[in-house]
Amino acid sequence: MNTADTAATAATATAVAAVASGAPSPRTPRIALVGDRSPHVKSHVRIPLLLDALAERDGLVLDAYWIPSGDAEVPGAVSGFDAVWLLPGSPYVSEAGALAAIRTAREEGIPFLGTCAGFQHALVEFAREVCGLERAAHAENDPEADPEDLLLAPLACSLVGHEGAVRVTPGSLAEAVFGAERTTERYHCAYGPDGRHLDTLERHGMRFTGADDEGQIRIAELPGHPFFLATLFQPELAGDGSRPHPVVRALARAAVERAAG
């Protein structure tokens, strides 16, 4: 029996036991999909397919709510959720809303996944709020920023439509999720980390656990957090959407665990 079948069987057994004992059934985990939903963003179109596949293949049923970046500015907008996924589709209508969602998930221990622009903004939020780099900037949002303040800069070679290898750090959350030290992933971005401030982020606790063959950062995580993972690549674009990527499945399982807890 594979891991997915084991998870589904365990979930079913838990529900049956709850009914038999007269205890209330476990509540359905709620996931906040933060981003400005658009039919023109391929990853957004994929999300419903992935949610269906998680339920059908893995027994991981999630109650999903789309939250526009502007709505995410409201204090506590994502506090009641069991997981937060900051989706691609930048520039966001509200950078402040995207950063607020990350901060809430980080500070409140809510499972978090940031993909593509979600990865980029996870670095910006951490730099500003944890590292004291208050002027840390994303070139897409602030093209006039002082180069010394750039945390995310235009890539020398765009990754739009690109697929490439990622080396994963042994012993990391990322390795536990992938079950391997090397993977091939799909991208759709033109901005990536500027190396000048990454050592500061590392000194304050962020861990970079995935890189391409040239050593460029592709995965970030926060040790000590229940689940905090950010990828420059887009796992939601893997395959045809009928088999959830391990990263997406891992977020769903983290949400289920939080709801059960």
# chains A, B, ... in the order shown; residues from 1 in each chain; ligands from 1
>>> residues_around(residues="Gly132 of chain A", least_positions_apart="3", cutoff="10 Å", atoms="only C-alpha atoms", output="list in words")
Phe126, Ala127, Arg128, Glu129, Arg135, Ala136, Thr200, Leu201 and His204 of chain A
>>> closest_atom_pairs(of="segment 30-130 of chain A", to="segment 175-198 of chain A", cutoff="10 Å", atoms="only C-alpha atoms", output="CSV")
residue,atom,partner,partner_atom,distance
A:Lys42,CA,A:His188,CA,9.7
A:Ser43,CA,A:His188,CA,9.7
A:Pro88,CA,A:His188,CA,8.9
A:Gly89,CA,A:Cys189,CA,9.6
A:Ser90,CA,A:Cys189,CA,9.4
A:Thr115,CA,A:Tyr187,CA,9.7
A:Cys116,CA,A:Cys189,CA,6.7
A:Ala117,CA,A:Cys189,CA,7.9
A:Phe119,CA,A:Gly192,CA,9.1
A:Gln120,CA,A:Gly192,CA,7.0
A:Leu123,CA,A:Pro193,CA,8.4
A:Val124,CA,A:Pro193,CA,9.8
A:Ala127,CA,A:His197,CA,8.5
>>> write_last_selection(atoms="C-alpha atoms", output="PDB file, in the first residue's frame")
ATOM      1  CA  LYS A  42      -2.607  28.653 -15.583  1.00  0.00           C
ATOM      2  CA  SER A  43      -1.857  27.773 -11.973  1.00  0.00           C
ATOM      3  CA  PRO A  88       1.440  32.891  -8.451  1.00  0.00           C
ATOM      4  CA  GLY A  89       0.038  35.811 -10.406  1.00  0.00           C
ATOM      5  CA  SER A  90       2.192  38.824  -9.568  1.00  0.00           C
ATOM      6  CA  THR A 115       4.857  29.146  -5.072  1.00  0.00           C
ATOM      7  CA  CYS A 116       6.567  31.382  -7.638  1.00  0.00           C
ATOM      8  CA  ALA A 117       5.494  34.891  -6.540  1.00  0.00           C
ATOM      9  CA  PHE A 119       8.171  32.246  -2.780  1.00  0.00           C
ATOM     10  CA  GLN A 120       9.426  35.701  -3.707  1.00  0.00           C
ATOM     11  CA  LEU A 123      11.512  36.152   1.311  1.00  0.00           C
ATOM     12  CA  VAL A 124      10.487  39.822   1.313  1.00  0.00           C
ATOM     13  CA  ALA A 127      13.552  40.131   5.376  1.00  0.00           C
TER      14      ALA A 127
END
>>> select_by_dssp(residues="segment 130-240 of chain A", states="alpha helix (DSSP H)", output="mmCIF file with N, CA and C atoms, in the first residue's frame")
data_model
loop_
_atom_site.group_PDB
_atom_site.id
_atom_site.type_symbol
_atom_site.label_atom_id
_atom_site.label_comp_id
_atom_site.auth_asym_id
_atom_site.auth_seq_id
_atom_site.Cartn_x
_atom_site.Cartn_y
_atom_site.Cartn_z
ATOM 1 N N LEU A 173 13.009 19.656 5.290
ATOM 2 C CA LEU A 173 11.589 19.433 5.040
ATOM 3 C C LEU A 173 11.370 19.113 3.567
ATOM 4 N N ALA A 174 12.052 19.852 2.717
ATOM 5 C CA ALA A 174 11.901 19.629 1.279
ATOM 6 C C ALA A 174 12.245 18.190 0.906
ATOM 7 N N GLU A 175 13.332 17.658 1.457
ATOM 8 C CA GLU A 175 13.688 16.286 1.127
ATOM 9 C C GLU A 175 12.632 15.309 1.631
ATOM 10 N N ALA A 176 12.090 15.574 2.825
ATOM 11 C CA ALA A 176 11.037 14.708 3.360
ATOM 12 C C ALA A 176 9.809 14.731 2.457
ATOM 13 N N VAL A 177 9.504 15.893 1.898
ATOM 14 C CA VAL A 177 8.339 16.030 1.020
ATOM 15 C C VAL A 177 8.574 15.316 -0.306
ATOM 16 N N PHE A 178 9.738 15.535 -0.909
ATOM 17 C CA PHE A 178 10.028 14.954 -2.217
ATOM 18 C C PHE A 178 10.416 13.481 -2.136
ATOM 19 N N LEU A 198 20.928 37.147 1.125
ATOM 20 C CA LEU A 198 20.495 35.816 1.531
ATOM 21 C C LEU A 198 21.186 35.328 2.794
ATOM 22 N N ASP A 199 22.444 35.724 3.004
ATOM 23 C CA ASP A 199 23.134 35.298 4.227
ATOM 24 C C ASP A 199 22.469 35.887 5.464
ATOM 25 N N THR A 200 21.906 37.103 5.330
ATOM 26 C CA THR A 200 21.198 37.725 6.460
ATOM 27 C C THR A 200 19.944 36.934 6.793
ATOM 28 N N LEU A 201 19.212 36.516 5.776
ATOM 29 C CA LEU A 201 18.014 35.712 6.010
ATOM 30 C C LEU A 201 18.385 34.391 6.684
ATOM 31 N N GLU A 202 19.479 33.801 6.256
ATOM 32 C CA GLU A 202 19.908 32.534 6.856
ATOM 33 C C GLU A 202 20.306 32.715 8.321
ATOM 34 N N ARG A 203 20.988 33.812 8.623
ATOM 35 C CA ARG A 203 21.390 34.055 10.022
ATOM 36 C C ARG A 203 20.181 34.209 10.933
#
>>> residues_around(residues="segment 208-220 of chain A", least_positions_apart="2", cutoff="8 Å", atoms="only C-alpha atoms", output="VMD selection string")
chain A and resid 119 164 to 169 172 174 193 202 206 222 229 to 233
>>> atom_distance(atom1="atom CA of Ser242 of chain A", atom2="atom CA of Gly35 of chain A")
22.3 Å
>>> closest_atom_pairs(of="segment 66-135 of chain A", to="segment 46-53 of chain A", cutoff="12 Å", atoms="only C-alpha atoms", output="Markdown table")
| residue | atom | partner | partner_atom | distance |
| --- | --- | --- | --- | --- |
| A:Trp66 | CA | A:Ile47 | CA | 10.4 |
| A:Trp85 | CA | A:Ile47 | CA | 10.7 |
| A:Leu87 | CA | A:Ile47 | CA | 9.7 |
| A:Pro88 | CA | A:Ile47 | CA | 11.4 |
>>> closest_residue(among="A:Arg37, A:Ala32, A:Glu221, A:Gly109", to="Val84 of chain A", atoms="only C-alpha atoms")
A:Ala32
>>> select_by_dssp(residues="segment 18-117 of chain A", states="strand (DSSP E)", output="number ranges by chain")
A: 30-34, 63-67, 83-86, 112-115
>>> write_last_selection(atoms="N, CA and C atoms", output="mmCIF file, in the first residue's frame")
data_model
loop_
_atom_site.group_PDB
_atom_site.id
_atom_site.type_symbol
_atom_site.label_atom_id
_atom_site.label_comp_id
_atom_site.auth_asym_id
_atom_site.auth_seq_id
_atom_site.Cartn_x
_atom_site.Cartn_y
_atom_site.Cartn_z
ATOM 1 N N ARG A 30 -9.744 23.903 6.320
ATOM 2 C CA ARG A 30 -9.999 25.065 5.474
ATOM 3 C C ARG A 30 -8.668 25.632 4.986
ATOM 4 N N ILE A 31 -8.572 25.842 3.666
ATOM 5 C CA ILE A 31 -7.352 26.388 3.087
ATOM 6 C C ILE A 31 -7.648 27.724 2.418
ATOM 7 N N ALA A 32 -6.813 28.705 2.704
ATOM 8 C CA ALA A 32 -6.924 30.027 2.082
ATOM 9 C C ALA A 32 -6.028 30.063 0.858
ATOM 10 N N LEU A 33 -6.627 30.282 -0.303
ATOM 11 C CA LEU A 33 -5.886 30.438 -1.555
ATOM 12 C C LEU A 33 -5.761 31.929 -1.809
ATOM 13 N N VAL A 34 -4.616 32.484 -1.474
ATOM 14 C CA VAL A 34 -4.436 33.936 -1.535
ATOM 15 C C VAL A 34 -3.833 34.319 -2.879
ATOM 16 N N ASP A 63 -11.588 22.362 2.288
ATOM 17 C CA ASP A 63 -12.581 23.395 2.008
ATOM 18 C C ASP A 63 -11.809 24.652 1.622
ATOM 19 N N ALA A 64 -11.810 24.983 0.333
ATOM 20 C CA ALA A 64 -10.949 26.050 -0.177
ATOM 21 C C ALA A 64 -11.699 27.368 -0.339
ATOM 22 N N TYR A 65 -11.025 28.458 0.024
ATOM 23 C CA TYR A 65 -11.561 29.809 -0.120
ATOM 24 C C TYR A 65 -10.532 30.669 -0.847
ATOM 25 N N TRP A 66 -10.946 31.299 -1.938
ATOM 26 C CA TRP A 66 -10.079 32.237 -2.641
ATOM 27 C C TRP A 66 -10.156 33.580 -1.943
ATOM 28 N N ILE A 67 -9.012 34.135 -1.622
ATOM 29 C CA ILE A 67 -8.952 35.441 -0.956
ATOM 30 C C ILE A 67 -8.105 36.380 -1.806
ATOM 31 N N ALA A 83 -4.523 26.144 6.516
ATOM 32 C CA ALA A 83 -3.385 26.252 5.611
ATOM 33 C C ALA A 83 -3.551 27.513 4.780
ATOM 34 N N VAL A 84 -2.439 28.071 4.358
ATOM 35 C CA VAL A 84 -2.424 29.246 3.490
ATOM 36 C C VAL A 84 -1.524 28.942 2.313
ATOM 37 N N TRP A 85 -2.042 29.154 1.117
ATOM 38 C CA TRP A 85 -1.247 28.976 -0.103
ATOM 39 C C TRP A 85 -1.226 30.305 -0.831
ATOM 40 N N LEU A 86 -0.055 30.942 -0.880
ATOM 41 C CA LEU A 86 0.105 32.188 -1.625
ATOM 42 C C LEU A 86 0.491 31.816 -3.052
ATOM 43 N N PHE A 112 1.994 26.767 5.576
ATOM 44 C CA PHE A 112 2.095 27.752 4.500
ATOM 45 C C PHE A 112 2.864 27.188 3.318
ATOM 46 N N LEU A 113 2.339 27.490 2.134
ATOM 47 C CA LEU A 113 3.048 27.201 0.891
ATOM 48 C C LEU A 113 3.022 28.452 0.031
ATOM 49 N N GLY A 114 4.185 28.837 -0.467
ATOM 50 C CA GLY A 114 4.269 29.949 -1.409
ATOM 51 C C GLY A 114 4.926 29.442 -2.678
ATOM 52 N N THR A 115 4.276 29.618 -3.813
ATOM 53 C CA THR A 115 4.857 29.146 -5.072
ATOM 54 C C THR A 115 5.047 30.311 -6.029
#
>>> residues_around(residues="segment 256-261 of chain A", least_positions_apart="3", cutoff="6 Å", atoms="only C-alpha atoms", output="number ranges by chain")
A: 29, 82, 253
>>> write_last_selection(atoms="all heavy atoms", output="tab-separated table (two decimals), in the first residue's frame")
chain	number	residue	atom	x	y	z
A	29	PRO	N	-10.74	20.51	6.85
A	29	PRO	CA	-9.72	21.56	6.91
A	29	PRO	C	-10.03	22.67	5.92
A	29	PRO	O	-10.50	22.42	4.81
A	29	PRO	CB	-8.43	20.82	6.53
A	29	PRO	CG	-8.72	19.38	6.77
A	29	PRO	CD	-10.16	19.20	6.48
A	82	ASP	N	-6.62	26.51	8.16
A	82	ASP	CA	-5.71	25.42	8.51
A	82	ASP	C	-4.51	25.37	7.59
A	82	ASP	O	-3.56	24.62	7.84
A	82	ASP	CB	-6.47	24.09	8.45
A	82	ASP	CG	-7.63	24.07	9.43
A	82	ASP	OD1	-7.39	24.15	10.64
A	82	ASP	OD2	-8.79	23.99	8.96
A	253	ARG	N	-1.87	17.57	3.74
A	253	ARG	CA	-1.75	16.73	4.94
A	253	ARG	C	-1.47	17.58	6.17
A	253	ARG	O	-1.98	17.30	7.25
A	253	ARG	CB	-0.63	15.71	4.73
A	253	ARG	CG	-1.02	14.60	3.78
A	253	ARG	CD	0.09	13.60	3.57
A	253	ARG	NE	-0.37	12.50	2.72
A	253	ARG	CZ	0.38	11.84	1.87
A	253	ARG	NH1	1.65	12.18	1.74
A	253	ARG	NH2	-0.10	10.86	1.15
>>> atom_distance(atom1="atom CA of Gly239 of chain A", atom2="atom CA of Glu163 of chain A")
12.1 Å
>>> residues_around(residues="Ala137 of chain A", least_positions_apart="4", cutoff="10 Å", atoms="only C-alpha atoms", output="number ranges by chain")
A: 121, 123-125, 127-128, 133, 141-153
>>> write_last_selection(atoms="N, CA, C and O atoms", output="PDB file, in the first residue's frame")
ATOM      1  N   HIS A 121       7.663  36.617  -2.317  1.00  0.00           N
ATOM      2  CA  HIS A 121       7.141  37.481  -1.251  1.00  0.00           C
ATOM      3  C   HIS A 121       7.392  36.900   0.138  1.00  0.00           C
ATOM      4  O   HIS A 121       7.470  37.656   1.111  1.00  0.00           O
ATOM      5  N   LEU A 123      10.187  35.629   1.006  1.00  0.00           N
ATOM      6  CA  LEU A 123      11.512  36.152   1.311  1.00  0.00           C
ATOM      7  C   LEU A 123      11.437  37.625   1.715  1.00  0.00           C
ATOM      8  O   LEU A 123      12.100  38.051   2.668  1.00  0.00           O
ATOM      9  N   VAL A 124      10.620  38.393   1.001  1.00  0.00           N
ATOM     10  CA  VAL A 124      10.487  39.822   1.313  1.00  0.00           C
ATOM     11  C   VAL A 124       9.903  40.008   2.710  1.00  0.00           C
ATOM     12  O   VAL A 124      10.405  40.819   3.511  1.00  0.00           O
ATOM     13  N   GLU A 125       8.847  39.266   3.024  1.00  0.00           N
ATOM     14  CA  GLU A 125       8.217  39.392   4.347  1.00  0.00           C
ATOM     15  C   GLU A 125       9.205  39.066   5.452  1.00  0.00           C
ATOM     16  O   GLU A 125       9.308  39.788   6.455  1.00  0.00           O
ATOM     17  N   ALA A 127      12.481  39.130   5.338  1.00  0.00           N
ATOM     18  CA  ALA A 127      13.552  40.131   5.376  1.00  0.00           C
ATOM     19  C   ALA A 127      13.106  41.378   6.133  1.00  0.00           C
ATOM     20  O   ALA A 127      13.846  41.920   6.969  1.00  0.00           O
ATOM     21  N   ARG A 128      11.902  41.841   5.853  1.00  0.00           N
ATOM     22  CA  ARG A 128      11.418  43.070   6.482  1.00  0.00           C
ATOM     23  C   ARG A 128      11.033  42.883   7.941  1.00  0.00           C
ATOM     24  O   ARG A 128      11.375  43.708   8.797  1.00  0.00           O
ATOM     25  N   LEU A 133      15.384  44.283   7.597  1.00  0.00           N
ATOM     26  CA  LEU A 133      15.694  44.907   6.300  1.00  0.00           C
ATOM     27  C   LEU A 133      14.424  45.575   5.776  1.00  0.00           C
ATOM     28  O   LEU A 133      13.768  45.089   4.850  1.00  0.00           O
ATOM     29  N   ASN A 141       7.753  44.882  -8.150  1.00  0.00           N
ATOM     30  CA  ASN A 141       6.859  45.810  -7.459  1.00  0.00           C
ATOM     31  C   ASN A 141       7.446  47.215  -7.362  1.00  0.00           C
ATOM     32  O   ASN A 141       6.705  48.198  -7.309  1.00  0.00           O
ATOM     33  N   ASP A 142       8.757  47.294  -7.295  1.00  0.00           N
ATOM     34  CA  ASP A 142       9.430  48.576  -7.079  1.00  0.00           C
ATOM     35  C   ASP A 142      10.639  48.689  -8.006  1.00  0.00           C
ATOM     36  O   ASP A 142      11.789  48.558  -7.573  1.00  0.00           O
ATOM     37  N   PRO A 143      10.397  48.926  -9.297  1.00  0.00           N
ATOM     38  CA  PRO A 143      11.504  48.960 -10.260  1.00  0.00           C
ATOM     39  C   PRO A 143      12.496  50.093 -10.023  1.00  0.00           C
ATOM     40  O   PRO A 143      13.616  50.054 -10.537  1.00  0.00           O
ATOM     41  N   GLU A 144      12.100  51.115  -9.236  1.00  0.00           N
ATOM     42  CA  GLU A 144      12.994  52.244  -8.961  1.00  0.00           C
ATOM     43  C   GLU A 144      13.769  52.070  -7.663  1.00  0.00           C
ATOM     44  O   GLU A 144      14.460  52.985  -7.216  1.00  0.00           O
ATOM     45  N   ALA A 145      13.659  50.915  -7.035  1.00  0.00           N
ATOM     46  CA  ALA A 145      14.338  50.687  -5.754  1.00  0.00           C
ATOM     47  C   ALA A 145      15.848  50.773  -5.912  1.00  0.00           C
ATOM     48  O   ALA A 145      16.413  50.463  -6.970  1.00  0.00           O
ATOM     49  N   ASP A 146      16.514  51.209  -4.844  1.00  0.00           N
ATOM     50  CA  ASP A 146      17.970  51.220  -4.811  1.00  0.00           C
ATOM     51  C   ASP A 146      18.461  49.781  -5.008  1.00  0.00           C
ATOM     52  O   ASP A 146      17.987  48.859  -4.329  1.00  0.00           O
ATOM     53  N   PRO A 147      19.389  49.543  -5.912  1.00  0.00           N
ATOM     54  CA  PRO A 147      19.901  48.182  -6.128  1.00  0.00           C
ATOM     55  C   PRO A 147      20.386  47.499  -4.858  1.00  0.00           C
ATOM     56  O   PRO A 147      20.311  46.282  -4.733  1.00  0.00           O
ATOM     57  N   GLU A 148      20.860  48.301  -3.897  1.00  0.00           N
ATOM     58  CA  GLU A 148      21.334  47.721  -2.639  1.00  0.00           C
ATOM     59  C   GLU A 148      20.198  47.136  -1.815  1.00  0.00           C
ATOM     60  O   GLU A 148      20.430  46.315  -0.921  1.00  0.00           O
ATOM     61  N   ASP A 149      18.965  47.550  -2.099  1.00  0.00           N
ATOM     62  CA  ASP A 149      17.810  47.069  -1.341  1.00  0.00           C
ATOM     63  C   ASP A 149      17.092  45.913  -2.023  1.00  0.00           C
ATOM     64  O   ASP A 149      16.162  45.344  -1.454  1.00  0.00           O
ATOM     65  N   LEU A 150      17.505  45.574  -3.234  1.00  0.00           N
ATOM     66  CA  LEU A 150      16.800  44.540  -3.976  1.00  0.00           C
ATOM     67  C   LEU A 150      17.048  43.155  -3.370  1.00  0.00           C
ATOM     68  O   LEU A 150      18.176  42.710  -3.232  1.00  0.00           O
ATOM     69  N   LEU A 151      15.950  42.497  -3.040  1.00  0.00           N
ATOM     70  CA  LEU A 151      16.000  41.123  -2.573  1.00  0.00           C
ATOM     71  C   LEU A 151      15.614  40.171  -3.711  1.00  0.00           C
ATOM     72  O   LEU A 151      16.129  39.064  -3.815  1.00  0.00           O
ATOM     73  N   LEU A 152      14.694  40.641  -4.562  1.00  0.00           N
ATOM     74  CA  LEU A 152      14.293  39.908  -5.758  1.00  0.00           C
ATOM     75  C   LEU A 152      14.590  40.773  -6.965  1.00  0.00           C
ATOM     76  O   LEU A 152      14.140  41.915  -7.044  1.00  0.00           O
ATOM     77  N   ALA A 153      15.361  40.241  -7.891  1.00  0.00           N
ATOM     78  CA  ALA A 153      15.793  41.001  -9.059  1.00  0.00           C
ATOM     79  C   ALA A 153      15.466  40.222 -10.338  1.00  0.00           C
ATOM     80  O   ALA A 153      15.205  39.013 -10.299  1.00  0.00           O
TER      81      ALA A 153
END
>>> residues_around(residues="Ala98 of chain A", least_positions_apart="3", cutoff="7 Å", atoms="only C-alpha atoms", output="NGL selection string")
:A and (69 or 72 or 94-95 or 101-102)
